[in-house]
Structures are given as C-alpha cells and as structure tokens.
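K.L.:
Handing over data-v2.txt, compact mmCIF, C-alpha atoms and all ligand atoms.
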```
# COMPACT_ATOMS: atom_id res chain seq x y z
CA MET A 3 43.57 110.24 98.25
CA THR A 4 42.37 111.45 101.62
CA ASP A 5 40.28 110.18 104.52
CA ALA A 6 36.56 110.76 104.02
CA ASN A 7 36.30 111.99 107.65
CA MET A 8 38.78 114.83 107.14
CA THR A 9 37.62 118.44 106.90
CA ASP A 10 38.79 120.63 104.01
CA LYS A 11 41.23 122.44 106.30
CA SER A 12 42.81 119.29 107.71
CA THR A 13 42.95 117.75 104.21
CA THR A 14 44.84 120.79 102.95
CA ASP A 15 47.18 120.67 105.94
CA PHE A 16 47.84 116.95 105.34
CA LEU A 17 48.42 117.39 101.59
CA ILE A 18 50.91 120.19 102.29
CA TRP A 19 52.72 117.88 104.73
CA VAL A 20 52.75 115.07 102.12
CA LYS A 21 54.13 117.35 99.39
CA ASP A 22 56.76 118.75 101.74
CA LYS A 23 57.97 115.24 102.72
CA GLN A 24 57.84 113.98 99.11
CA ASP A 25 59.99 116.93 98.00
CA HIS A 26 62.32 116.39 100.94
CA ILE A 27 62.93 112.68 100.28
CA GLU A 28 63.49 113.46 96.59
CA MET A 29 66.21 115.96 97.58
CA VAL A 30 67.84 113.57 100.08
CA LEU A 31 67.86 110.72 97.53
CA ASP A 32 69.27 113.02 94.87
CA GLU A 33 72.13 113.94 97.21
CA VAL A 34 72.87 110.38 98.31
CA LEU A 35 72.76 108.72 94.87
CA PRO A 36 76.00 108.63 92.88
CA SER A 37 76.19 111.23 90.11
CA GLU A 38 75.48 109.98 86.58
CA THR A 39 78.72 111.65 85.46
CA SER A 40 80.78 109.39 87.75
CA ALA A 41 81.87 105.93 86.56
CA PRO A 42 80.21 103.57 85.87
CA GLU A 43 78.01 106.23 84.24
CA LYS A 44 75.37 103.93 82.73
CA LEU A 45 74.73 102.11 86.00
CA HIS A 46 74.54 105.36 87.98
CA GLU A 47 72.21 106.92 85.41
CA ALA A 48 69.95 103.84 85.52
CA MET A 49 69.89 103.87 89.35
CA ARG A 50 68.79 107.52 89.32
CA TYR A 51 66.25 106.79 86.54
CA SER A 52 64.71 104.03 88.64
CA ILE A 53 64.31 105.87 91.91
CA LEU A 54 64.06 109.62 91.25
CA GLY A 55 61.06 111.55 89.98
CA GLY A 56 58.29 109.06 90.65
CA GLY A 57 56.32 107.03 93.13
CA LYS A 58 54.02 108.05 95.93
CA ARG A 59 56.77 107.62 98.55
CA VAL A 60 54.28 105.94 100.91
CA ARG A 61 57.08 104.15 102.77
CA ALA A 62 59.09 107.35 103.30
CA LEU A 63 55.91 109.14 104.45
CA LEU A 64 55.18 106.39 106.99
CA CYS A 65 58.76 106.60 108.20
CA TYR A 66 58.61 110.39 108.67
CA ALA A 67 55.20 110.28 110.37
CA ALA A 68 56.41 107.63 112.83
CA ALA A 69 59.61 109.62 113.42
CA GLU A 70 57.60 112.74 114.29
CA LEU A 71 55.51 110.68 116.71
CA CYS A 72 58.44 108.96 118.42
CA ALA A 73 60.95 111.86 118.38
CA THR A 74 63.43 109.98 116.17
CA THR A 75 66.16 112.37 114.99
CA ALA A 76 65.85 113.95 111.54
CA THR A 77 69.19 112.40 110.50
CA ALA A 78 68.08 108.87 111.43
CA ALA A 79 64.65 109.41 109.81
CA ASP A 80 66.22 110.64 106.54
CA ALA A 81 68.59 107.67 106.38
CA ALA A 82 65.76 105.23 107.14
CA ALA A 83 63.38 106.79 104.59
CA CYS A 84 66.13 106.76 101.95
CA ALA A 85 67.13 103.16 102.67
CA VAL A 86 63.55 101.89 102.51
CA GLU A 87 62.79 103.74 99.26
CA MET A 88 66.00 102.24 97.79
CA ILE A 89 65.00 98.68 98.74
CA HIS A 90 61.50 99.37 97.36
CA ALA A 91 62.87 100.74 94.06
CA TYR A 92 65.21 97.74 93.74
CA SER A 93 62.27 95.38 94.24
CA LEU A 94 60.24 97.12 91.53
CA VAL A 95 63.15 97.05 89.05
CA HIS A 96 63.70 93.32 89.59
CA ASP A 97 59.97 92.55 89.71
CA ASP A 98 59.47 94.15 86.27
CA MET A 99 62.14 91.98 84.61
CA PRO A 100 61.13 89.25 82.11
CA CYS A 101 62.20 86.51 84.58
CA MET A 102 59.65 87.81 87.12
CA ASP A 103 56.52 89.87 86.36
CA ASN A 104 57.70 91.01 82.91
CA ASP A 105 56.25 94.52 82.89
CA ASP A 106 57.25 97.26 80.47
CA LEU A 107 55.78 100.19 82.39
CA ARG A 108 56.61 101.50 85.84
CA ARG A 109 55.76 104.86 87.38
CA GLY A 110 54.42 106.01 84.01
CA LYS A 111 57.65 105.38 82.08
CA PRO A 112 59.46 102.39 80.55
CA SER A 113 60.62 100.02 83.27
CA CYS A 114 64.37 99.90 83.89
CA HIS A 115 65.15 96.84 81.72
CA LYS A 116 63.18 98.37 78.80
CA GLN A 117 64.92 101.73 79.07
CA TYR A 118 68.34 100.09 79.50
CA ASP A 119 68.79 96.28 79.37
CA ASP A 120 68.34 93.22 81.58
CA ALA A 121 71.90 93.17 82.88
CA THR A 122 71.72 96.84 83.86
CA ALA A 123 68.36 96.32 85.59
CA LEU A 124 69.83 93.43 87.59
CA LEU A 125 72.77 95.58 88.65
CA VAL A 126 70.54 98.57 89.47
CA GLY A 127 68.63 96.40 91.95
CA ASP A 128 71.82 94.98 93.44
CA ALA A 129 73.45 98.40 93.77
CA LEU A 130 70.36 100.08 95.25
CA GLN A 131 70.12 97.32 97.85
CA SER A 132 73.78 97.78 98.83
CA LEU A 133 73.41 101.55 98.92
CA ALA A 134 70.43 101.23 101.28
CA PHE A 135 72.59 99.42 103.84
CA ASP A 136 75.50 101.78 103.17
CA VAL A 137 73.29 104.78 104.06
CA LEU A 138 71.82 103.11 107.14
CA SER A 139 75.23 102.04 108.46
CA THR A 140 76.79 105.52 108.22
CA PRO A 141 78.93 105.73 111.39
CA THR A 142 77.67 109.19 112.40
CA LEU A 143 73.98 108.34 112.02
CA CYS A 144 72.95 107.67 115.62
CA GLU A 145 74.51 108.44 118.99
CA ASN A 146 72.89 105.24 120.19
CA ALA A 147 74.74 102.35 118.48
CA ASN A 148 72.15 99.82 119.66
CA GLN A 149 69.40 101.77 117.92
CA GLN A 150 71.38 101.79 114.68
CA ILE A 151 72.17 98.07 114.78
CA SER A 152 68.52 97.36 115.46
CA MET A 153 67.56 99.55 112.47
CA LEU A 154 69.94 97.60 110.21
CA ASN A 155 68.51 94.34 111.49
CA ILE A 156 64.91 95.46 110.89
CA LEU A 157 65.68 96.38 107.26
CA ALA A 158 67.75 93.25 106.56
CA LYS A 159 65.01 90.94 107.90
CA ALA A 160 62.24 92.80 106.03
CA SER A 161 64.12 92.61 102.70
CA GLY A 162 65.39 89.03 102.72
CA SER A 163 63.96 85.54 102.42
CA SER A 164 61.93 85.94 105.65
CA GLY A 165 60.48 89.14 104.23
CA MET A 166 60.08 90.72 100.80
CA ALA A 167 62.25 88.32 98.74
CA GLY A 168 60.56 85.33 100.44
CA GLY A 169 57.12 86.77 99.66
CA GLN A 170 58.15 87.24 96.04
CA ALA A 171 59.28 83.58 95.88
CA ILE A 172 55.87 82.43 97.21
CA ASP A 173 54.15 84.78 94.74
CA LEU A 174 56.04 83.33 91.76
CA ALA A 175 55.34 79.78 92.92
CA SER A 176 51.61 80.50 93.31
CA ILE A 177 50.92 81.59 89.73
CA GLY A 178 48.04 79.57 88.32
CA LYS A 179 47.32 77.96 91.71
CA SER A 180 44.48 78.65 94.09
CA LEU A 181 45.48 79.91 97.54
CA THR A 182 43.40 80.12 100.70
CA GLN A 183 42.89 83.58 102.19
CA THR A 184 45.38 82.68 104.96
CA GLU A 185 48.04 81.63 102.42
CA LEU A 186 47.43 84.81 100.44
CA GLU A 187 47.79 86.87 103.61
CA THR A 188 51.08 85.19 104.53
CA MET A 189 52.44 85.89 101.05
CA HIS A 190 51.46 89.57 101.16
CA GLN A 191 52.61 90.10 104.75
CA LEU A 192 56.04 89.13 103.43
CA LYS A 193 56.06 90.55 99.91
CA THR A 194 54.56 93.99 100.57
CA GLY A 195 53.79 94.16 104.28
CA ALA A 196 57.29 93.51 105.60
CA LEU A 197 58.82 96.61 103.99
CA ILE A 198 55.88 98.82 104.93
CA GLN A 199 56.22 97.60 108.52
CA ALA A 200 59.98 98.17 108.42
CA ALA A 201 59.50 101.73 107.10
CA THR A 202 57.15 102.58 109.96
CA LEU A 203 59.20 100.81 112.61
CA LEU A 204 62.46 102.42 111.48
CA GLY A 205 60.77 105.79 111.77
CA ALA A 206 59.66 104.87 115.30
CA SER A 207 63.09 103.55 116.28
CA GLY A 208 63.84 106.52 118.55
CA GLY A 209 60.75 105.72 120.65
CA SER A 210 60.06 103.48 123.67
CA HIS A 211 59.25 99.74 123.43
CA GLU A 212 55.58 100.53 124.11
CA GLN A 213 55.50 103.11 121.34
CA MET A 214 57.24 100.78 118.89
CA SER A 215 54.88 97.92 119.62
CA ALA A 216 51.77 100.11 119.07
CA VAL A 217 53.29 101.42 115.84
CA MET A 218 54.08 97.83 114.78
CA SER A 219 50.45 96.79 115.20
CA TYR A 220 49.34 99.82 113.15
CA ALA A 221 51.91 98.98 110.42
CA GLU A 222 50.95 95.30 110.20
CA HIS A 223 47.33 96.17 109.47
CA ILE A 224 47.97 99.10 107.18
CA GLY A 225 50.58 97.07 105.25
CA LEU A 226 47.99 94.42 104.48
CA ALA A 227 45.33 97.05 103.70
CA PHE A 228 47.81 98.53 101.18
CA GLN A 229 47.97 95.19 99.36
CA VAL A 230 44.20 94.62 99.42
CA VAL A 231 43.74 98.11 97.90
CA ASP A 232 46.45 97.27 95.32
CA ASP A 233 44.46 94.18 94.26
CA ILE A 234 41.27 96.27 94.00
CA LEU A 235 43.03 98.96 91.93
CA ASP A 236 44.43 96.32 89.58
CA VAL A 237 40.81 95.55 88.67
CA GLU A 238 39.21 99.00 88.93
CA ALA A 239 41.85 101.51 87.79
CA ASP A 240 43.27 102.09 84.32
CA THR A 241 46.89 101.83 83.18
CA ASN A 242 47.30 105.62 82.77
CA THR A 243 46.18 106.33 86.32
CA LEU A 244 48.25 103.51 87.83
CA GLY A 245 51.41 104.26 85.85
CA LYS A 246 51.82 100.48 85.54
CA THR A 247 49.89 97.89 83.54
CA ALA A 248 46.36 97.46 84.93
CA GLY A 249 44.72 94.00 84.96
CA LYS A 250 48.12 92.34 85.30
CA ASP A 251 47.06 89.99 88.13
CA ALA A 252 44.21 88.40 86.15
CA GLU A 253 46.34 88.25 83.01
CA SER A 254 49.06 86.31 84.84
CA SER A 255 46.53 84.11 86.73
CA LYS A 256 47.62 85.41 90.13
CA PRO A 257 45.47 84.74 93.16
CA THR A 258 44.42 88.09 94.71
CA TYR A 259 42.02 89.33 97.37
CA VAL A 260 39.57 90.15 94.57
CA THR A 261 39.73 86.66 93.05
CA ILE A 262 39.35 85.01 96.48
CA LEU A 263 36.76 87.33 98.08
CA GLY A 264 35.19 89.28 95.21
CA LEU A 265 35.31 93.09 94.95
CA ASP A 266 32.78 93.95 97.66
CA LEU A 267 34.28 91.73 100.36
CA ALA A 268 37.79 92.85 99.40
CA LYS A 269 36.69 96.48 99.97
CA GLU A 270 35.14 95.49 103.31
CA LEU A 271 38.37 93.78 104.33
CA ALA A 272 40.45 96.86 103.42
CA ASP A 273 38.14 98.97 105.58
CA GLN A 274 38.35 96.53 108.53
CA LEU A 275 42.15 96.51 108.34
CA TYR A 276 42.14 100.32 108.24
CA GLN A 277 39.91 100.46 111.35
CA THR A 278 42.16 98.04 113.24
CA ALA A 279 45.24 100.05 112.27
CA ILE A 280 43.59 103.24 113.54
CA SER A 281 42.64 101.52 116.84
CA ALA A 282 46.29 100.63 117.45
CA LEU A 283 47.06 104.37 117.54
CA ILE A 284 44.61 105.14 120.39
CA PRO A 285 47.36 105.29 123.08
CA PHE A 286 49.01 108.18 121.19
CA GLY A 287 45.89 110.37 121.07
CA GLU A 288 46.10 113.44 118.81
CA ASP A 289 49.88 112.99 118.35
CA ALA A 290 49.31 110.13 115.89
CA LYS A 291 47.45 112.45 113.49
CA ARG A 292 49.85 111.93 110.56
CA LEU A 293 49.84 108.13 110.83
CA ARG A 294 46.03 108.22 110.94
CA GLU A 295 45.90 110.48 107.90
CA LEU A 296 48.35 108.22 106.05
CA ALA A 297 46.12 105.23 106.76
CA GLY A 298 43.28 107.13 105.05
CA PHE A 299 45.62 108.03 102.18
CA ILE A 300 46.48 104.33 101.72
CA LEU A 301 42.84 103.22 101.90
CA HIS A 302 41.46 105.84 99.50
CA ARG A 303 44.37 106.07 97.04
CA SER A 304 43.52 105.95 93.35
CA PHE A 305 46.96 104.75 92.11
C1 LIG B 1 62.09 91.32 93.37
C2 LIG B 1 62.85 90.64 95.69
C3 LIG B 1 61.82 91.20 94.80
C4 LIG B 1 60.67 91.57 95.35
C5 LIG B 1 59.60 92.21 94.61
C6 LIG B 1 57.30 94.46 96.09
C7 LIG B 1 57.53 93.41 95.10
C8 LIG B 1 58.42 92.31 95.51
C9 LIG B 1 57.01 93.46 93.88
C10 LIG B 1 56.15 94.54 93.40
C11 LIG B 1 54.97 93.97 92.75
C12 LIG B 1 53.77 94.69 93.12
C13 LIG B 1 53.24 95.62 92.09
C14 LIG B 1 53.23 94.48 94.32
C15 LIG B 1 52.02 95.15 94.76
C16 LIG B 1 52.24 96.13 95.87
C17 LIG B 1 53.29 97.09 95.54
C18 LIG B 1 54.58 96.88 96.22
C19 LIG B 1 53.03 98.10 94.73
C20 LIG B 1 54.01 99.14 94.38
O1 LIG B 1 54.20 100.00 95.47
P1 LIG B 1 53.71 101.50 95.44
O2 LIG B 1 52.29 101.58 94.97
O3 LIG B 1 54.66 102.08 94.29
O4 LIG B 1 54.02 102.15 96.74
P2 LIG B 1 55.24 103.56 94.09
O5 LIG B 1 55.60 103.59 92.63
O6 LIG B 1 54.16 104.56 94.45
O7 LIG B 1 56.44 103.67 94.98
```
I need this file expressed as structure tokens, please.
P.N.:
Amino acid sequence: MTDANMTDKSTTDFLIWVKDKQDHIEMVLDEVLPSETSAPEKLHEAMRYSILGGGKRVRALLCYAAAELCATTATAADAAACAVEMIHAYSLVHDDMPCMDNDDLRRGKPSCHKQYDDATALLVGDALQSLAFDVLSTPTLCENANQQISMLNILAKASGSSGMAGGQAIDLASIGKSLTQTELETMHQLKTGALIQAATLLGASGGSHEQMSAVMSYAEHIGLAFQVVDDILDVEADTNTLGKTAGKDAESSKPTYVTILGLDLAKELADQLYQTAISALIPFGEDAKRLRELAGFILHRSF
C-alpha cells in the first residue's frame, strides 16, 4: 500500500495520516447523510449502506492532501471530499446494477440492488448525486463566491456526459470490441480519471492558478495510473482481497490495459504515469509530500 522508497518512519506517519482522514470523512459523511429513521426510511438506509463503512476513500484523501498543499479551508475541503465520495458511491451503485456491470458484490458486501432492489439502487444513485451538489452549494461554504461556483462547475463537468457518465457510456459500447490504447485512455480519462482529477482540483481550489495547474497535471497522470492498476488487480488479485468480483473484465470481454499491453507492459505504464505525476509536483518541493505518498499508495495498492 505504500511507496517502496519510503522509510519505516515516514510510512508510519503516512498511514496515520490516511487513517485519520479516512475516519474524518466517515464522520463528516455520517453527519451529512439523512438519518435512516427519517422518511423515506428505506431510501435513507440504502444511501447510508452504500456509502458508509467501506472503500479506500482515495478521492477524499487526494482532496485533503491538495487542500493542505494549497491552503484551502477545512470547511471547503470537507464539503468537496464529501461531494466527490457521494458521486463516486452513486457511480458504483449504478455500475453494479443488472443493466450495467451486473455485480453482486461491492466493498465486501452485497451490492445495493442485491441488498435492496433495483428501484432503490437507482434512487440511491440519484439522491447521492443530488446531495453532493447540495453539500457543495451550501451558502456559507466559501467567502469567495467565485471559488465556490468554480468548484460546482468542476464537479458537474467531471460527473456528466463529458466526464464519468460519458466514460461509462463508451465503456458499455466497447464491450466485445477491440480498442486502441488511445481509445482506451480516452475512455478511462473520462470514466475514472475525471472524478479523481476533480477530487484533487477541488482540494486545490483555494490555491493560485499556478498551483492548480501543477496539481491538475499530477491528477491527470495519477488518475490514469489508478485505472491501469485497477486493470492489473482485476487479473492478479482475488475476490476476497478486492471486495468485488475479480476477473470481471475478462468475463465480460472488456478491453483493458492488460488485454492491450499484457501484464508486464501494463505495470511499466503504471510506473511511468506515477513518475510523471511525481514530476508535476517538483515546484512544490517538500510541501507536496502527501500527494507524493498518495501516488505511491495508488501505484502499490493491493485492492
Ligand atoms: C454509472 C455513471 C456511472 C458511472 C460508473 C466509476 C464507474 C463509472 C464505474 C466503476 C467501475 C469500476 C470498477 C471502474 C474501475 C475503477 C474504479 C472506479 C474502481 C472503484 O474505485 P475504488 O477502488 O473503490 O476507489 P472504493 O470502494 O475503494 O471507493
């Protein structure tokens, strides 16, 4: 889970930071989500089931690390981390449904439509998406209204048809077809990369244009590395470790970095993308420590 270059002491320090932020985002989400005792109870329970108590929280971690680097306020960083994790959870709930990837297991437990039903899963995704924009548009969030409007715009673009939903449409249309590496990259930049970039950029939204553009270059490369590693794990890891069905890509005839490049070249590509992401952080010097460590975390993750 950690960068091979890290010493034991810095690894421990990083893992403490990760745990602290994971616990924090869990608490913030718990507070923001409607109570399961308020009507409509079943929908609220299913929303909480789908987002609480699981996931690595990579997007929230990227958001917090970028916020620390760019001096974004804690209130804005919390709202951004929450909103991005809500969009991510909605995408997983919808992706698991029979009309899309049809997967029964998510985060080590039955996926939302298996635990509840299809209609509830559809509504959970819809409601989490709305709640994300509700949280991010809270009137008291930022003193700088322009920053807040820009944050809303970043998340809207990353989630919609020019971002995650568009990437998912290309993904569904590409089943059983062969894609070139460039076509595969375009699909993943949208499907997975756009939200990872948004998470990092939202965290950096309190920074200068120069800072945001360096962070953007980091996020573009680490977002793609995340997907290449995901394709490798789909082949190399087992279902228990992943908490979702392993081997799903091959089973559903999906083009992946492993099918296009083979395992060794896919691993080389992940490493190259990691190195390029790290280079983008050079202007920040030591201050970008957490973003560098997170890049290692993404590259070496085992689930
Ligand atoms: C339904 C509009 C819509 C979009 C779905 C993101 C997505 C698009 C589908 C997920 C399918 C998938 C497994 C993609 C591979 C990369 C990915 C997003 C993995 C899951 O993210 P993690 O590993 O999950 O960060 P956790 O559970 O740790 O949060």
K.L.:
Using all atoms listed in the file, which residues have at least one atom no more than 7 Å from ligand LIG 1 (chain B)? Output them as a PyMOL selection string.
P.N.:
chain A and resi 56-60+90+93-94+96-97+109+166-167+170+193-194+229+232+305
K.L.:
Which of these, A:Gln117, A:Thr202, A:Thr241, A:Ser139, has the shortest distance to Met49 in chain A once you count all atoms listed in the file?
P.N.:
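For Met49 in chain A, the nearest of the given residues is A:Gln117.
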K.L.:
One decimal, Å: what's the distance from CA of Ser281 in chain A over to CA of Gln199 in chain A, could you say?
P.N.:
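Straight-line distance from CA of Ser281 in chain A to CA of Gln199 in chain A works out to 16.4 Å.
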K.L.:
Excluding Met99 in chain A and any residue of its chain fewer than 4 positions from it, enumerate the residues within 9 Å of it, using only C-alpha atoms, and give them as a list in words.
P.N.:
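So, after excluding close chain neighbours, the residues are Leu94, Val95, Asp103, Asn104, Asp105, Asp106, Ser113, Cys114, His115, Lys116, Asp120, Ala123 and Leu124 of chain A.
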K.L.:
Go through A:His223, A:Lys159, A:Lys11, A:Lys21 one by one, measure the shortest atom-to-atom distance of each to Ile280 in chain A using only C-alpha atoms, and give the residue with the smallest value.
P.N.:
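The answer is A:His223, which sits nearest to Ile280 in chain A.
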K.L.:
Go through A:Arg50, A:Pro42, A:Gly165, A:Tyr276 one by one, measure the shortest atom-to-atom distance of each to Glu295 in chain A using all atoms listed in the file, and give the residue with the smallest value.
P.N.:
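With all atoms listed in the file as the atom set, the closest residue is A:Tyr276.
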K.L.:
For Ala82 in chain A, list every protein, DNA or RNA residue within 9 Å, evaluated using all atoms listed in the file, and leave out those in the same chain fewer than 3 positions away; present the list as a PDB file with C-alpha atoms, in the frame of the given file.
P.N.:
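Final file, part-v1.pdb:
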```pdb
ATOM      1  CA  ALA A  62      59.090 107.350 103.300  1.00  0.00           C
ATOM      2  CA  CYS A  65      58.760 106.600 108.200  1.00  0.00           C
ATOM      3  CA  TYR A  66      58.610 110.390 108.670  1.00  0.00           C
ATOM      4  CA  THR A  77      69.190 112.400 110.500  1.00  0.00           C
ATOM      5  CA  ALA A  78      68.080 108.870 111.430  1.00  0.00           C
ATOM      6  CA  ALA A  79      64.650 109.410 109.810  1.00  0.00           C
ATOM      7  CA  ALA A  85      67.130 103.160 102.670  1.00  0.00           C
ATOM      8  CA  VAL A  86      63.550 101.890 102.510  1.00  0.00           C
ATOM      9  CA  GLU A  87      62.790 103.740  99.260  1.00  0.00           C
ATOM     10  CA  ALA A 134      70.430 101.230 101.280  1.00  0.00           C
ATOM     11  CA  VAL A 137      73.290 104.780 104.060  1.00  0.00           C
ATOM     12  CA  LEU A 138      71.820 103.110 107.140  1.00  0.00           C
ATOM     13  CA  MET A 153      67.560  99.550 112.470  1.00  0.00           C
ATOM     14  CA  LEU A 157      65.680  96.380 107.260  1.00  0.00           C
ATOM     15  CA  ALA A 201      59.500 101.730 107.100  1.00  0.00           C
ATOM     16  CA  LEU A 204      62.460 102.420 111.480  1.00  0.00           C
ATOM     17  CA  GLY A 205      60.770 105.790 111.770  1.00  0.00           C
TER      18      GLY A 205
END
```
K.L.:
Which one is closest to Gly195 in chain A: A:Arg61, A:Tyr92, A:Thr39, A:Ile284? Count all atoms listed in the file.
P.N.:
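When distances to Gly195 in chain A are compared using all atoms listed in the file, the smallest one comes from A:Arg61.
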K.L.:
List the neighbours of Arg303 in chain A out to 12 Å using all atoms listed in the file; skip same-chain residues closer than 6 positions along the sequence, and give me the result as a list in words.
P.N.:
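Answer for this query is Met3, Thr4, Asp5, Ala6, Lys58, Val60, Ala227, Phe228, Gln229, Val230, Val231, Asp232, Ile234, Leu235, Glu238, Ala239, Thr243, Leu244, Ala272, Glu295, Leu296 and Ala297 of chain A.
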K.L.:
Mind writing the picked residues with C-alpha atoms as a short mmCIF file (atom, residue, chain, number, x, y, z; two decimals), in the frame of the given file?
P.N.:
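Contents of the output file selection_12.cif:
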```cif
data_model
loop_
_atom_site.label_atom_id
_atom_site.label_comp_id
_atom_site.auth_asym_id
_atom_site.auth_seq_id
_atom_site.Cartn_x
_atom_site.Cartn_y
_atom_site.Cartn_z
CA MET A 3 43.57 110.24 98.25
CA THR A 4 42.37 111.45 101.62
CA ASP A 5 40.28 110.18 104.52
CA ALA A 6 36.56 110.76 104.02
CA LYS A 58 54.02 108.05 95.93
CA VAL A 60 54.28 105.94 100.91
CA ALA A 227 45.33 97.05 103.70
CA PHE A 228 47.81 98.53 101.18
CA GLN A 229 47.97 95.19 99.36
CA VAL A 230 44.20 94.62 99.42
CA VAL A 231 43.74 98.11 97.90
CA ASP A 232 46.45 97.27 95.32
CA ILE A 234 41.27 96.27 94.00
CA LEU A 235 43.03 98.96 91.93
CA GLU A 238 39.21 99.00 88.93
CA ALA A 239 41.85 101.51 87.79
CA THR A 243 46.18 106.33 86.32
CA LEU A 244 48.25 103.51 87.83
CA ALA A 272 40.45 96.86 103.42
CA GLU A 295 45.90 110.48 107.90
CA LEU A 296 48.35 108.22 106.05
CA ALA A 297 46.12 105.23 106.76
#
```
K.L.:
Please list as a list in words every residue within 12 Å of Asp32 in chain A, counting all atoms listed in the file and excluding residues in the same chain fewer than 6 positions away.
P.N.:
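The residues that qualify are Asp25, His26, Glu38, His46, Glu47, Met49, Arg50, Tyr51, Ser52, Ile53, Leu54, Gly55, Cys84 and Met88 of chain A.
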K.L.:
Go through A:Glu185, A:Glu145, A:Glu33, A:Glu222 one by one, measure the shortest atom-to-atom distance of each to Thr278 in chain A using only C-alpha atoms, and give the residue with the smallest value.
P.N.:
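Of the candidates, the smallest distance to Thr278 in chain A is held by A:Glu222.
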K.L.:
Just add N, CA and C atoms to range 41-66 of chain A and send it as an mmCIF file, in the coordinates of the input.
P.N.:
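This went into result_10.cif:
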```cif
data_model
loop_
_atom_site.group_PDB
_atom_site.id
_atom_site.type_symbol
_atom_site.label_atom_id
_atom_site.label_comp_id
_atom_site.auth_asym_id
_atom_site.auth_seq_id
_atom_site.Cartn_x
_atom_site.Cartn_y
_atom_site.Cartn_z
ATOM 1 N N ALA A 41 81.831 107.310 87.096
ATOM 2 C CA ALA A 41 81.870 105.930 86.560
ATOM 3 C C ALA A 41 81.397 104.935 87.625
ATOM 4 N N PRO A 42 80.692 103.901 87.205
ATOM 5 C CA PRO A 42 80.210 103.570 85.870
ATOM 6 C C PRO A 42 78.931 104.374 85.535
ATOM 7 N N GLU A 43 79.059 105.250 84.548
ATOM 8 C CA GLU A 43 78.010 106.230 84.240
ATOM 9 C C GLU A 43 76.652 105.582 83.949
ATOM 10 N N LYS A 44 76.666 104.510 83.144
ATOM 11 C CA LYS A 44 75.370 103.930 82.730
ATOM 12 C C LYS A 44 74.628 103.359 83.954
ATOM 13 N N LEU A 45 75.363 102.683 84.811
ATOM 14 C CA LEU A 45 74.730 102.110 86.000
ATOM 15 C C LEU A 45 74.183 103.227 86.904
ATOM 16 N N HIS A 46 74.989 104.266 87.111
ATOM 17 C CA HIS A 46 74.540 105.360 87.980
ATOM 18 C C HIS A 46 73.333 106.093 87.377
ATOM 19 N N GLU A 47 73.353 106.270 86.071
ATOM 20 C CA GLU A 47 72.210 106.920 85.410
ATOM 21 C C GLU A 47 70.951 106.059 85.590
ATOM 22 N N ALA A 48 71.106 104.738 85.416
ATOM 23 C CA ALA A 48 69.950 103.840 85.520
ATOM 24 C C ALA A 48 69.433 103.757 86.965
ATOM 25 N N MET A 49 70.335 103.851 87.933
ATOM 26 C CA MET A 49 69.890 103.870 89.350
ATOM 27 C C MET A 49 69.044 105.121 89.598
ATOM 28 N N ARG A 50 69.521 106.250 89.117
ATOM 29 C CA ARG A 50 68.790 107.520 89.320
ATOM 30 C C ARG A 50 67.462 107.481 88.553
ATOM 31 N N TYR A 51 67.476 106.919 87.348
ATOM 32 C CA TYR A 51 66.250 106.790 86.540
ATOM 33 C C TYR A 51 65.192 105.995 87.304
ATOM 34 N N SER A 52 65.651 104.965 88.015
ATOM 35 C CA SER A 52 64.710 104.030 88.640
ATOM 36 C C SER A 52 64.150 104.529 89.959
ATOM 37 N N ILE A 53 64.796 105.471 90.581
ATOM 38 C CA ILE A 53 64.310 105.870 91.910
ATOM 39 C C ILE A 53 63.860 107.327 91.992
ATOM 40 N N LEU A 54 64.412 108.194 91.139
ATOM 41 C CA LEU A 54 64.060 109.620 91.250
ATOM 42 C C LEU A 54 62.849 109.963 90.379
ATOM 43 N N GLY A 55 62.109 110.969 90.822
ATOM 44 C CA GLY A 55 61.060 111.550 89.980
ATOM 45 C C GLY A 55 59.818 110.695 89.821
ATOM 46 N N GLY A 56 59.523 109.843 90.775
ATOM 47 C CA GLY A 56 58.290 109.060 90.650
ATOM 48 C C GLY A 56 57.955 108.311 91.921
ATOM 49 N N GLY A 57 56.748 107.797 91.958
ATOM 50 C CA GLY A 57 56.320 107.030 93.130
ATOM 51 C C GLY A 57 55.645 107.915 94.159
ATOM 52 N N LYS A 58 54.775 107.289 94.918
ATOM 53 C CA LYS A 58 54.020 108.050 95.930
ATOM 54 C C LYS A 58 54.846 108.301 97.174
ATOM 55 N N ARG A 59 55.901 107.512 97.368
ATOM 56 C CA ARG A 59 56.770 107.620 98.550
ATOM 57 C C ARG A 59 56.022 107.274 99.839
ATOM 58 N N VAL A 60 55.082 106.326 99.726
ATOM 59 C CA VAL A 60 54.280 105.940 100.910
ATOM 60 C C VAL A 60 55.177 105.468 102.051
ATOM 61 N N ARG A 61 56.224 104.696 101.717
ATOM 62 C CA ARG A 61 57.080 104.150 102.770
ATOM 63 C C ARG A 61 57.867 105.256 103.479
ATOM 64 N N ALA A 62 58.370 106.213 102.686
ATOM 65 C CA ALA A 62 59.090 107.350 103.300
ATOM 66 C C ALA A 62 58.123 108.162 104.170
ATOM 67 N N LEU A 63 56.902 108.356 103.696
ATOM 68 C CA LEU A 63 55.910 109.140 104.450
ATOM 69 C C LEU A 63 55.600 108.452 105.787
ATOM 70 N N LEU A 64 55.443 107.121 105.749
ATOM 71 C CA LEU A 64 55.180 106.390 106.990
ATOM 72 C C LEU A 64 56.359 106.534 107.950
ATOM 73 N N CYS A 65 57.549 106.471 107.387
ATOM 74 C CA CYS A 65 58.760 106.600 108.200
ATOM 75 C C CYS A 65 58.819 107.985 108.872
ATOM 76 N N TYR A 66 58.558 109.028 108.113
ATOM 77 C CA TYR A 66 58.610 110.390 108.670
ATOM 78 C C TYR A 66 57.493 110.618 109.699
#
```
